[in-house]
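S.K.: So that we are looking at the same thing, I have put the structure below in structure tokens.
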Amino acid sequence: MPWKEIEHTADVGFEVKAASLDELFLEAALALYALGYGETEELRENYEKRKEILQIEGIDLEELVVSWLNELIFIVETRHVLFVPTSVHVIAEPLHITVEGVLSERHGVRLPVKSATYGGLVIRRYPDPFLRIFLDV
Amino acid sequence: MKGSLTRMDDVRLLLGREAQDGMRVPGLIYADKYIESMLEEENALLQVANVACLPGIIGYSFAMPDIHWGYGFPIGGVAAFDVDEGIISPGGVGYDISCGVRLLSSSLVVTDVTNVMDQLLPALFSAVPCGVGSSSRQKLSDRDLEKVLTDGARWAVKAGYGIESDLDHTEENGCLEGALPSVVSNRAKERGRTQLGTLGSGNHFLEIQVVDEVFDEREASKLGLKTGCITVMIHCGSRGLGHQVCDDYLKVMRRAMERYHIIVPDRQLCCAPIKSEEGEKYLGAMKAAANFALVNRHMIADAVRHVFTAFFPKVPLHTVYDVSHNIAHIETHEWEGHRKELCVHRKGATRAFQGQPVLIPGSMGTASYVLVGTRQAEIETFASTCHGAGRVLSRNEAVKRARGQDLFKVLSERGISVMAESPRTLGEEMPEAYKDVSNVVDVVQEAGISLKVAKLRPLAVIKG
């Protein structure tokens with residue numbers, strides 16, 4: 001498992017290590033789904049045929065990752081499906097990510113995630129891509 | 001950080017300005033020895049110090065005895081800012097804008113409800129949608145949503161929910177004037193459109209209680225509370241709409257800080273001058289989200305009333321009060337001998353002007369309290385007090401400690417019926433996950449910043 005849950009008095013957080021920034025964003029989404037909905041990697045196999053492409057912008061990496069996870073929360077809350085990324089590309093100038101993904105049915109709820117936050121946020125590109133983020137639940 | 005703490009008296013700790021570079025004012029933490037022993041959570045103290053660094057802060061960076069680690073501000077954090085020199089910060093209000101409490105009272109007694117609890121509780125559970133992503137039975141039109149955001153609970157009464165006198169017993173009479181729906185994003189509106197009248201999840205709850213003890217007969221009588229009578233408490237906020245407003249304006253503030261040359265020690269404290277375009281827009285959007293929260297609690301109360309009317313047709317439920325725990329208000333206070341307009345941020349804290357009802361929900365299975373604000377609060381804390389018990393255990397730790405316990409049975413043995421959307425939530429919200437709310441309330445009483453009126457004991461709880 002490339003991510004691990006970390007403790008917070010009121011809420012919950014996770015850390016992710018990955019080989020690249022692209023993979024870091026992808027794994028962050030899967031960590032969110034695992035924590036929020038108890039979904040495992042298998043959810044990638046259970047999807048509708050429809051593909052979608054998302055573009056998320058950010059003024060810096062911190063904003064980009066918070067916006068990314070909040071976009072996924074927004075989709076769950078308004079469309080009642082999980083957007084499962086199949087490939088993520090981080091583009092530097094101007095900073096944004098382009099994500100291809102598929103829609104997956106949401107099966108349950110483990111923790112009711114309401115927002116990704118900047119509190120205690122760490123995102124590092126070098127030497128090894130790393131993310132620590134806390135979720136408001 | 002703890003080395004900079006000085007005990008001023010039995011319930012006050014001073015966090016000196018030497019605790020961190022850039023502190024413009026000291027911190028003042030309301031804590032007895034019990035609360036102090038739980039201040040090991042360094043991040044909460046660090047957050048008190050961080051708030052003290054914000055431009056235009058007046059007096060102290062306060063922390064109430066239910067202090068714990070939040071985002072930007074600590075939970076239990078209070079800070080007042082000069083409207084000319086100071087800032088407004090979404091992190092000082094929180095994600096769940098105007099999360100708060102509504103209390104209803106009745107002349108019913110314990111046996112009235114316990115005799116029918118097997119039917120009453122499921123009826124309430126069915127009438128009030130709860131759980132994450134729970135949807136309302138109605139989807140608001142654009143026009144109605146605009147009216148909700150502008151008019152707050154006044155819209156609800158006109159639309160046939162609740163009664164006019166409910167507004168007299170609601171903070172700001174059920175509507176924050178100056179809300180600006182036009183600066184609430186379409187994303188926020190989309191999140192909120194189907195969530196009005198829903199309880200949500202996490203620590204939000206609906207509880208049937210009995211007035212277990214009255215501490216101040218005169219104040220209790222004014223509020224329509226007497227020993228043995230049944231009350232209903234509703235704890236929830238602005239749902240996804242409020243979260244989206246917070247998230248949207250954190251981005252706006254991040255960009256504004258460059259323009260106004262503001263540096264903050266924690267990005268979650270992103271802010272803008274109160275009298276700036278960005279500050280005024282956030283204030284307008286925050287008020288709109290607060291109005292949404294007021295309507296949300298108002299409509300849940302209306303659903304509760306309908307259920308109670310089916311069981312007890314001749315016994316009305318009166319609104320005791322409705323008050324927010326996460327909000328920034330522009331208020332006039334006395335400061336250094338002058339009346340001064342301030343922006344008071346209360347993040348996990350309650351407004352407590354003299355005589356104003358203060359509603360303090362406990363944790364599941366423990367008491368809740370009704371207090372009133374005091375003159376001392378007006379003088380000392382810009383009319384603010386605590387808001388609840390305050391967590392001490394992480395959710396995982398709580399679930400771990402709850403493991404092996406049948407919480408339904410444990411609570412049932414204490415005379416408390418429970419229905420929950422998620423069994424895991426029960427473990428996370430077990431009473432031991434929180435500080436002793438009685439102790440928290442005793443601290444604010446001893447400090448004189450609010451006075452106990454009544455203690456409410458839970459009989460039945462609905463958790464999201």
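Starting from 1 in every chain, residues are counted up; chains themselves are A, B, ... following the order of the structure tokens, and ligands are numbered from 1 as listed.
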Which residues are close to Tyr321 in chain B, i.e. within 12 Å by only C-alpha atoms, leaving aside same-chain residues fewer than 4 positions away? Reply as a VMD selection string.
M.R.: chain B and resid 100 to 105 165 to 174 222 to 225 231 to 234 294 297 to 298 301 317 356 to 360 370 to 372
S.K.: Could you give me the residues within range 146-341 of chain B that DSSP places in alpha helix (DSSP H), as a ChimeraX atom specification?
M.R.: /B:146-151,153-158,164-168,186-193,217-223,239-260,277-311
S.K.: Counting only C-alpha atoms, a student should be able to say which residues of chain B come within 7 Å of chain A; what is the right answer, written as number ranges by chain?
M.R.: B: 69, 71-72, 132-133, 191, 201-202, 243, 267-268, 391-395
S.K.: Report as a ChimeraX atom specification all protein, DNA and RNA residues lying within 8 Å of Leu72 in chain A, evaluated on only C-alpha atoms, omitting residues in the same chain fewer than 5 positions from it.
M.R.: /A:29,82-83
S.K.: Which residue out of A:Val88, A:Leu103, A:Leu54, A:Val65 has the minimum interatomic distance to Asp22 in chain A when only C-alpha atoms are used?
M.R.: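 So, comparing all the options, the nearest one is A:Val88.
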S.K.: My list of candidates is B:Leu250, B:Val210, B:Ala31, B:Met8. Which is closest to Ser106 in chain B when distances are computed with only C-alpha atoms?
M.R.: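 Nearest to Ser106 in chain B: B:Val210.
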S.K.: For Val48 in chain B, please output as an NGL selection string all residues within 10 Å (counting only C-alpha atoms; exclusion window: fewer than 6 positions along the same chain).
M.R.: :B and (15 or 23 or 26-29 or 60-63 or 67 or 69 or 72-79)
S.K.: Which parts of range 14-93 of chain A does DSSP call strand (DSSP E) when run on the backbone here, written out as a compact mmCIF listing (two decimals) with all heavy atoms, in the first residue's frame?
M.R.:
```txt
# COMPACT_ATOMS: atom_id res chain seq x y z
N PHE A 14 -3.55 11.40 5.66
CA PHE A 14 -2.80 10.29 5.08
C PHE A 14 -1.50 10.80 4.47
O PHE A 14 -1.35 11.99 4.18
CB PHE A 14 -3.63 9.50 4.06
CG PHE A 14 -4.05 10.26 2.83
CD1 PHE A 14 -3.20 10.39 1.73
CD2 PHE A 14 -5.32 10.82 2.75
CE1 PHE A 14 -3.60 11.07 0.58
CE2 PHE A 14 -5.73 11.50 1.62
CZ PHE A 14 -4.87 11.64 0.53
N GLU A 15 -0.58 9.87 4.32
CA GLU A 15 0.70 10.15 3.66
C GLU A 15 0.84 9.23 2.46
O GLU A 15 0.43 8.07 2.52
CB GLU A 15 1.87 9.90 4.61
CG GLU A 15 1.96 10.91 5.74
CD GLU A 15 3.11 10.63 6.70
OE1 GLU A 15 3.76 9.56 6.57
OE2 GLU A 15 3.35 11.47 7.58
N VAL A 16 1.41 9.77 1.40
CA VAL A 16 1.63 8.97 0.19
C VAL A 16 3.07 9.17 -0.27
O VAL A 16 3.58 10.29 -0.24
CB VAL A 16 0.72 9.41 -0.98
CG1 VAL A 16 0.82 8.41 -2.13
CG2 VAL A 16 -0.71 9.58 -0.56
N LYS A 17 3.70 8.07 -0.67
CA LYS A 17 5.00 8.16 -1.35
C LYS A 17 4.80 7.58 -2.74
O LYS A 17 4.05 6.61 -2.90
CB LYS A 17 6.06 7.36 -0.60
CG LYS A 17 6.44 7.95 0.74
CD LYS A 17 7.43 7.06 1.45
CE LYS A 17 7.74 7.64 2.82
NZ LYS A 17 8.54 6.71 3.64
N TYR A 47 -16.36 -0.18 -13.16
CA TYR A 47 -16.67 1.15 -13.61
C TYR A 47 -17.61 1.14 -14.81
O TYR A 47 -17.77 0.12 -15.49
CB TYR A 47 -15.40 1.92 -13.97
CG TYR A 47 -14.51 1.25 -14.98
CD1 TYR A 47 -14.77 1.36 -16.34
CD2 TYR A 47 -13.42 0.52 -14.56
CE1 TYR A 47 -13.95 0.75 -17.26
CE2 TYR A 47 -12.59 -0.10 -15.48
CZ TYR A 47 -12.86 0.02 -16.83
OH TYR A 47 -12.06 -0.58 -17.75
N GLU A 48 -18.21 2.27 -15.02
CA GLU A 48 -19.03 2.42 -16.21
C GLU A 48 -18.10 2.59 -17.40
O GLU A 48 -16.92 2.90 -17.23
CB GLU A 48 -19.93 3.65 -16.05
CG GLU A 48 -20.93 3.51 -14.93
CD GLU A 48 -21.70 4.82 -14.71
OE1 GLU A 48 -21.60 5.71 -15.56
OE2 GLU A 48 -22.39 4.90 -13.69
N LYS A 49 -18.64 2.46 -18.60
CA LYS A 49 -17.78 2.53 -19.79
C LYS A 49 -17.33 3.97 -20.08
O LYS A 49 -16.34 4.19 -20.72
CB LYS A 49 -18.54 2.00 -21.01
CG LYS A 49 -18.91 0.52 -20.89
CD LYS A 49 -17.69 -0.35 -20.96
CE LYS A 49 -18.07 -1.82 -20.85
NZ LYS A 49 -16.91 -2.66 -20.52
N ARG A 50 -18.09 4.92 -19.53
CA ARG A 50 -17.86 6.31 -19.92
C ARG A 50 -16.54 6.86 -19.33
O ARG A 50 -16.31 6.78 -18.13
CB ARG A 50 -19.02 7.16 -19.43
CG ARG A 50 -19.07 8.54 -20.01
CD ARG A 50 -20.51 9.02 -20.05
NE ARG A 50 -21.17 8.85 -18.76
CZ ARG A 50 -21.27 9.80 -17.85
NH1 ARG A 50 -20.72 10.97 -18.06
NH2 ARG A 50 -21.91 9.59 -16.73
N LYS A 51 -15.73 7.38 -20.19
CA LYS A 51 -14.48 8.00 -19.73
C LYS A 51 -14.69 9.50 -19.62
O LYS A 51 -15.49 10.08 -20.33
CB LYS A 51 -13.35 7.74 -20.73
CG LYS A 51 -12.80 6.34 -20.68
CD LYS A 51 -11.55 6.25 -21.52
CE LYS A 51 -10.97 4.84 -21.42
NZ LYS A 51 -9.73 4.70 -22.17
N GLU A 52 -13.94 10.10 -18.71
CA GLU A 52 -14.00 11.56 -18.60
C GLU A 52 -12.59 12.11 -18.45
O GLU A 52 -11.68 11.40 -18.00
CB GLU A 52 -14.84 11.97 -17.38
CG GLU A 52 -16.30 11.64 -17.55
CD GLU A 52 -17.20 12.44 -16.63
OE1 GLU A 52 -16.77 13.48 -16.10
OE2 GLU A 52 -18.35 12.01 -16.45
N ILE A 53 -12.44 13.36 -18.80
CA ILE A 53 -11.14 14.03 -18.61
C ILE A 53 -11.37 15.25 -17.74
O ILE A 53 -12.30 16.03 -17.95
CB ILE A 53 -10.54 14.46 -19.97
CG1 ILE A 53 -10.21 13.21 -20.80
CG2 ILE A 53 -9.29 15.31 -19.76
CD1 ILE A 53 -9.67 13.51 -22.19
N LEU A 54 -10.53 15.38 -16.72
CA LEU A 54 -10.61 16.55 -15.82
C LEU A 54 -9.36 17.38 -15.97
O LEU A 54 -8.26 16.84 -16.20
CB LEU A 54 -10.71 16.11 -14.36
CG LEU A 54 -11.94 15.32 -13.89
CD1 LEU A 54 -11.80 15.03 -12.40
CD2 LEU A 54 -13.21 16.11 -14.15
N GLN A 55 -9.50 18.67 -15.80
CA GLN A 55 -8.34 19.56 -15.72
C GLN A 55 -8.46 20.37 -14.45
O GLN A 55 -9.50 20.99 -14.21
CB GLN A 55 -8.31 20.50 -16.92
CG GLN A 55 -8.02 19.78 -18.22
CD GLN A 55 -7.00 20.54 -19.09
OE1 GLN A 55 -6.37 21.47 -18.60
NE2 GLN A 55 -6.85 20.12 -20.32
N ILE A 56 -7.43 20.34 -13.66
CA ILE A 56 -7.42 21.06 -12.39
C ILE A 56 -6.24 22.02 -12.39
O ILE A 56 -5.12 21.62 -12.72
CB ILE A 56 -7.27 20.11 -11.17
CG1 ILE A 56 -8.19 18.88 -11.30
CG2 ILE A 56 -7.48 20.85 -9.86
CD1 ILE A 56 -9.64 19.15 -11.12
N GLU A 57 -6.49 23.26 -11.98
CA GLU A 57 -5.41 24.26 -11.95
C GLU A 57 -5.03 24.59 -10.51
O GLU A 57 -5.85 24.41 -9.60
CB GLU A 57 -5.86 25.55 -12.64
CG GLU A 57 -6.19 25.36 -14.11
CD GLU A 57 -6.84 26.59 -14.71
OE1 GLU A 57 -7.00 27.59 -13.99
OE2 GLU A 57 -7.19 26.53 -15.89
N VAL A 81 -21.01 9.39 -7.68
CA VAL A 81 -20.11 8.38 -8.25
C VAL A 81 -18.67 8.76 -7.87
O VAL A 81 -18.40 9.90 -7.48
CB VAL A 81 -20.20 8.33 -9.80
CG1 VAL A 81 -21.54 7.78 -10.25
CG2 VAL A 81 -19.94 9.71 -10.41
N LEU A 82 -17.79 7.79 -8.01
CA LEU A 82 -16.37 8.07 -7.82
C LEU A 82 -15.73 8.27 -9.19
O LEU A 82 -15.98 7.47 -10.10
CB LEU A 82 -15.68 6.90 -7.11
CG LEU A 82 -16.24 6.44 -5.78
CD1 LEU A 82 -15.41 5.29 -5.23
CD2 LEU A 82 -16.26 7.57 -4.77
N PHE A 83 -14.95 9.32 -9.30
CA PHE A 83 -14.16 9.50 -10.52
C PHE A 83 -12.81 8.84 -10.26
O PHE A 83 -12.01 9.31 -9.45
CB PHE A 83 -13.97 10.99 -10.83
CG PHE A 83 -13.08 11.24 -12.01
CD1 PHE A 83 -13.61 11.25 -13.29
CD2 PHE A 83 -11.72 11.45 -11.85
CE1 PHE A 83 -12.78 11.45 -14.39
CE2 PHE A 83 -10.89 11.67 -12.93
CZ PHE A 83 -11.43 11.66 -14.21
N VAL A 84 -12.57 7.71 -10.94
CA VAL A 84 -11.34 6.94 -10.68
C VAL A 84 -10.31 7.30 -11.74
O VAL A 84 -10.51 7.03 -12.94
CB VAL A 84 -11.64 5.43 -10.73
CG1 VAL A 84 -10.39 4.65 -10.34
CG2 VAL A 84 -12.80 5.10 -9.82
N PRO A 85 -9.20 7.90 -11.32
CA PRO A 85 -8.20 8.29 -12.32
C PRO A 85 -7.49 7.07 -12.90
O PRO A 85 -7.14 6.14 -12.16
CB PRO A 85 -7.22 9.15 -11.51
CG PRO A 85 -7.37 8.68 -10.10
CD PRO A 85 -8.79 8.22 -9.95
N THR A 86 -7.31 7.09 -14.19
CA THR A 86 -6.52 6.01 -14.81
C THR A 86 -5.15 6.52 -15.24
O THR A 86 -4.20 5.76 -15.33
CB THR A 86 -7.27 5.43 -16.03
OG1 THR A 86 -7.69 6.52 -16.87
CG2 THR A 86 -8.51 4.66 -15.58
N SER A 87 -5.07 7.82 -15.54
CA SER A 87 -3.74 8.40 -15.79
C SER A 87 -3.77 9.88 -15.42
O SER A 87 -4.77 10.57 -15.63
CB SER A 87 -3.35 8.23 -17.26
OG SER A 87 -4.14 9.07 -18.06
N VAL A 88 -2.67 10.32 -14.82
CA VAL A 88 -2.56 11.72 -14.37
C VAL A 88 -1.30 12.33 -14.97
O VAL A 88 -0.24 11.68 -14.97
CB VAL A 88 -2.46 11.80 -12.83
CG1 VAL A 88 -2.37 13.25 -12.37
CG2 VAL A 88 -3.62 11.10 -12.15
N HIS A 89 -1.42 13.53 -15.49
CA HIS A 89 -0.24 14.23 -15.99
C HIS A 89 -0.17 15.60 -15.33
O HIS A 89 -1.08 16.41 -15.48
CB HIS A 89 -0.30 14.40 -17.51
CG HIS A 89 -0.34 13.09 -18.24
ND1 HIS A 89 0.74 12.23 -18.27
CD2 HIS A 89 -1.34 12.49 -18.92
CE1 HIS A 89 0.40 11.15 -18.96
NE2 HIS A 89 -0.85 11.27 -19.35
N VAL A 90 0.92 15.83 -14.62
CA VAL A 90 1.14 17.14 -14.01
C VAL A 90 1.91 17.99 -15.01
O VAL A 90 2.96 17.59 -15.50
CB VAL A 90 1.94 17.02 -12.69
CG1 VAL A 90 2.15 18.40 -12.08
CG2 VAL A 90 1.24 16.09 -11.71
N ILE A 91 1.35 19.14 -15.33
CA ILE A 91 1.99 20.04 -16.30
C ILE A 91 2.42 21.30 -15.55
O ILE A 91 1.64 21.86 -14.77
CB ILE A 91 1.01 20.36 -17.44
CG1 ILE A 91 0.74 19.07 -18.23
CG2 ILE A 91 1.56 21.42 -18.38
CD1 ILE A 91 -0.66 18.68 -18.37
```
